[in-house]
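Student: I am attaching a structure below and will ask some questions about it afterwards.
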Amino acid sequence: MIGFARARLLLPLSNSRGRDERIEDGYVTYQPDEILEVGAYTDEVGQQLLSKHGKLDVLGGTAASTVDELISHDGVLLPGFVKAHGHDHESPIIGMVKDVPLTAWLDGAVNLFTRFLEERQDALSAELGDSPHFMTYLKAKADDLYYGITSAMTHHCNFSKYRVDELARASETAGTRILIAVGSQDRNYYEKLLDIPHTLAIERLDRAVVKYADNERTTILPGPDQFFSNGPEILKALKAWARDHGTLLHCHSSEELGTTEWFKKEYGMTPVQYGHHIGILDEHTVLAHQVQTTAEDVAILRDTGTRIVHNPLANTILGSGMPPIMDMLEAGIPVAISTDGSGSADNQNILAAARLASQYQKAHHQRAQNLPAQQVLEMITIEAAKMLRINAGSLEPGKAADLVLIDLRRPNLVPTRKTNVVENLIWASDGSEARFVVAGGKVVKDDYQLTTIDVGDVSQKLSWLATELDSYAEQSGELRGTGAPR
Ligand SMILES: [Zn+2]
């Protein structure tokens, strides 16, 4: 049956209709693989839809055969959010090892946790009834759906690089779309994780790409952890693989000052100059962070067509600094806004990430016109989808049937109307108002209840896992020697 969603307000965010169009009493019809119709609703339109499609499966309603059953919600319908950079192994470590810089956090929280999963996996699996990696990733997908995220690029570095199958299974279970940037390292990292020879990383990609070749909602691409931990040969080989397979290449870049300093000392170049020097920057390379950025770096990024994902929550919490987003945008560099992993962010509230991005640029430049609500909303929907080259991020016929309905009955969003709906999403929302989420035409969040994930069960298991991690941490201490220069 064809799906039907109707709300008091609708934001198509589409190029075809004009990105800033705001429709009062809007509707969307969809089937599993695509949106069929989008527009303003009237009873006459409703009658035509029923005549054309027969019964309609109404979001939050029933199988409708009369216009009276084509109910409208007091909400705003918009495309599902697109997260252009994150890590799905971090949700169990929220709040761990805070008030320290990136490297100390990586050693004390991320690397410790992922090693814990590897070393104790048999005992943990026996208790959890499934792989602890899968349960961790499933929690991450629950976090995404909670905030209305239907597509994500997951940078699967660290020990996670060995766990592509568990992540793909978690995303499939949740009903979301995923791009898995499969990690690699061959220097300056925890020795057990090094891909030496670097063909190990290529072989890992080869296996994964064959396995998920027919899966339209799971895409495999190279995701070297960062320039610092991947030498020139492995980076060139991964870029060649990406070119051969027509995929993006995704990598952390210039997140913290220490790494940039190391590059200057070691190569006499910034990380961006280095990336350009070895020939891996182009319009199919997506760099996360790019905090430390010189004017010359901006010119290189512009000339090569390189894309940037800005993660303001993580960059501020870790004290990394903030990238020159206004300079990048002015130069015409595509920029998406994302959350990063839950461990550094410490949540997946992508509307909050959009708000902080805007707020910071206004304050920093003492210019209130910077990054208006409409622009940052596009940077978590249509701009992010364009960057990831996925057919999503806007509501228009032929696009993926991924949508979110934000509840406008919530007190913090009253009064919302056509004139302030975009502004309220960015400035007044707390991110928790995603009442319905549809992914690939399937209702995955139904009146605040996830339909594909048993949240109670996952939460209980993850809480137990965190307690086990605490005892492990007491015995092991931090896992040093990773992530950045020592
Ligand atoms: Zn990251």
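Labels for the structure tokens follow display order: chains A, B, ..., residues from 1 in each chain, ligands from 1.
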Taking only C-alpha atoms and all ligand atoms and a cut-off of 7 Å, can you tell me which residues surround ligand 1, written as a list of chain:residue names?
Tutor: A:His85, A:Gly86, A:His87, A:His155, A:His252, A:Ala288, A:Asp340, A:Gly341
Student: Save out the residues we just selected, C-alpha atoms, as a compact mmCIF listing (two decimals), in the first residue's frame.
Tutor:
```txt
# COMPACT_ATOMS: atom_id res chain seq x y z
CA HIS A 85 30.37 11.96 9.77
CA GLY A 86 30.03 9.83 12.90
CA HIS A 87 31.29 6.72 14.69
CA HIS A 155 33.75 6.31 9.98
CA HIS A 252 39.80 12.81 9.64
CA ALA A 288 36.04 15.45 8.69
CA ASP A 340 30.72 13.10 15.08
CA GLY A 341 30.50 10.08 17.41
```
Student: Output as a list in words all residues of segment 64-102 of chain A that backbone DSSP marks as helix (DSSP H, G or I).
Tutor: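 Filtering segment 64-102 of chain A to helix (DSSP H, G or I) leaves Val67, Asp68, Glu69, Ser91, Pro92, Ile93 and Leu102 of chain A.
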Student: Residues within 9 Å of Glu21 of chain A, please, as a PDB file with C-alpha atoms, in the first residue's frame. Count only C-alpha atoms; anything in the same chain fewer than 5 positions from it doesn't count.
Tutor:
```
ATOM      1  CA  LEU A  10       6.041  20.827   5.193  1.00  0.00           C
ATOM      2  CA  LEU A  11       9.593  21.723   4.165  1.00  0.00           C
ATOM      3  CA  PRO A  12      10.577  19.999   0.892  1.00  0.00           C
ATOM      4  CA  LEU A  13      14.119  21.526   0.938  1.00  0.00           C
ATOM      5  CA  SER A  14      14.274  20.641  -2.748  1.00  0.00           C
TER       6      SER A  14
END
```
Student: Looking at only C-alpha atoms, which of A:Phe263, A:Tyr190, A:Phe436, A:Trp427 is the one that sits closest to Leu112 of chain A?
Tutor: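 Result for the nearest residue to Leu112 of chain A: A:Tyr190.
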Student: Go through A:Val100, A:Leu78, A:Ala174, A:Ala240 one by one, measure the shortest atom-to-atom distance of each to Asp20 of chain A using only C-alpha atoms, and give the residue with the smallest value.
Tutor: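 Smallest separation from Asp20 of chain A among the options: A:Leu78.
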Student: Give me, as a tab-separated table, each residue of segment 110-170 of chain A that comes within 8 Å of segment 451-455 of chain A, together with its shortest interatomic pair and the distance in Å at one decimal, counting only C-alpha atoms, with rows ordered by chain and rising residue number.
Tutor:
```
residue	atom	partner	partner_atom	distance
A:Leu138	CA	A:Ile453	CA	7.6
A:Lys139	CA	A:Val455	CA	7.8
A:Ala142	CA	A:Ile453	CA	6.8
```
Student: Go ahead and dump the residues you just picked, N, CA and C atoms, as a tab-separated table (two decimals), in the first residue's frame.
Tutor:
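What follows is the written file part34.tsv:
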```tsv
chain	number	residue	atom	x	y	z
A	138	LEU	N	23.84	-1.19	17.33
A	138	LEU	CA	22.38	-1.08	17.32
A	138	LEU	C	21.94	0.09	18.21
A	139	LYS	N	22.63	0.26	19.33
A	139	LYS	CA	22.34	1.42	20.20
A	139	LYS	C	22.60	2.72	19.43
A	142	ALA	N	19.76	3.37	17.22
A	142	ALA	CA	18.62	3.86	18.01
A	142	ALA	C	18.79	5.36	18.30
```
Student: If you measure from atom CA of Gly321 of chain A to atom CA of Ala84 of chain A, what distance in Å do you get, rounded to one decimal?
Tutor: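 Interatomic distance, atom CA of Gly321 of chain A to atom CA of Ala84 of chain A: 19.6 Å.
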Student: Considering only C-alpha atoms, return as a PyMOL selection string whatever protein or nucleic-acid residues lie within 10 Å of Pro334 of chain A, sequence-local ones (same chain, fewer than 5 positions apart) excluded.
Tutor: chain A and resi 283+286+301-302+305-309+328-329+379+383-384+386-387
Student: Residues within 12 Å of Thr339 of chain A, please, as a PyMOL selection string. Count only C-alpha atoms; anything in the same chain fewer than 6 positions from it doesn't count.
Tutor: chain A and resi 81-88+90+143-144+147+149+152-154+288-289+309-317+345-357+379-380
Student: Restricting it to C-alpha atoms, dump the selection as a short mmCIF file (atom, residue, chain, number, x, y, z; two decimals), in the first residue's frame.
Tutor:
```
data_model
loop_
_atom_site.label_atom_id
_atom_site.label_comp_id
_atom_site.auth_asym_id
_atom_site.auth_seq_id
_atom_site.Cartn_x
_atom_site.Cartn_y
_atom_site.Cartn_z
CA PHE A 81 18.46 14.10 8.52
CA VAL A 82 21.72 13.07 6.88
CA LYS A 83 24.71 12.59 9.19
CA ALA A 84 27.86 13.00 7.11
CA HIS A 85 30.37 11.96 9.77
CA GLY A 86 30.03 9.83 12.90
CA HIS A 87 31.29 6.72 14.69
CA ASP A 88 28.89 4.02 15.82
CA GLU A 90 30.93 5.43 20.82
CA ASP A 143 20.30 7.18 18.85
CA ASP A 144 20.15 8.21 15.19
CA TYR A 147 16.91 12.40 16.50
CA ILE A 149 18.66 10.68 11.26
CA ALA A 152 24.72 8.16 8.07
CA MET A 153 28.32 7.94 7.00
CA THR A 154 30.00 5.94 9.75
CA ALA A 288 36.04 15.45 8.69
CA HIS A 289 36.84 18.44 10.95
CA VAL A 309 32.24 17.85 7.33
CA HIS A 310 32.09 20.27 10.26
CA ASN A 311 31.47 18.72 13.71
CA PRO A 312 31.02 21.65 16.09
CA LEU A 313 29.88 19.65 19.15
CA ALA A 314 33.01 17.48 19.22
CA ASN A 315 35.37 20.30 18.23
CA THR A 316 34.23 22.50 21.09
CA ILE A 317 33.92 19.80 23.78
CA ALA A 345 29.62 14.97 20.97
CA ASP A 346 28.10 13.49 23.46
CA ASN A 347 24.89 12.78 21.58
CA GLN A 348 23.51 12.57 18.05
CA ASN A 349 21.34 15.68 18.28
CA ILE A 350 22.03 16.91 14.76
CA LEU A 351 19.76 19.94 15.15
CA ALA A 352 21.92 20.99 18.11
CA ALA A 353 25.01 20.58 15.93
CA ALA A 354 23.43 22.85 13.30
CA ARG A 355 22.52 25.38 15.98
CA LEU A 356 26.03 25.46 17.46
CA ALA A 357 27.61 25.82 14.01
CA MET A 379 23.72 21.49 5.67
CA ILE A 380 22.18 18.56 7.60
#
```
Student: Just give me the gap between atom CA of Arg417 of chain A and atom CA of Leu9 of chain A in Å, one decimal is fine.
Tutor: 7.7 Å
Student: Hey, can you check how far atom CA of Gly26 of chain A sits from atom CA of Arg6 of chain A?
Tutor: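 Going from atom CA of Gly26 of chain A over to atom CA of Arg6 of chain A covers 5.7 Å.
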Student: With only C-alpha atoms as the counted atoms, please give the residues lying no more than 10 Å from Gln48 of chain A, apart from itself and same-chain residues fewer than 6 positions off, as number ranges by chain.
Tutor: A: 42, 54, 67
Student: Using only C-alpha atoms, please write the residues we just selected to a file, as a compact mmCIF listing (two decimals), in the first residue's frame.
Tutor:
```
# COMPACT_ATOMS: atom_id res chain seq x y z
CA THR A 42 -6.82 19.91 -0.07
CA GLY A 54 -6.68 3.07 -3.82
CA VAL A 67 -10.60 11.81 2.85
```
Student: With only C-alpha atoms as the counted atoms, please give the residues lying no more than 12 Å from segment 443-449 of chain A, apart from itself and same-chain residues fewer than 5 positions off, as an MDAnalysis selection string.
Tutor: chainID A and resid 3:5 30:32 57:61 73 75 80 141:150 171:176 401:407 432:438 454:456
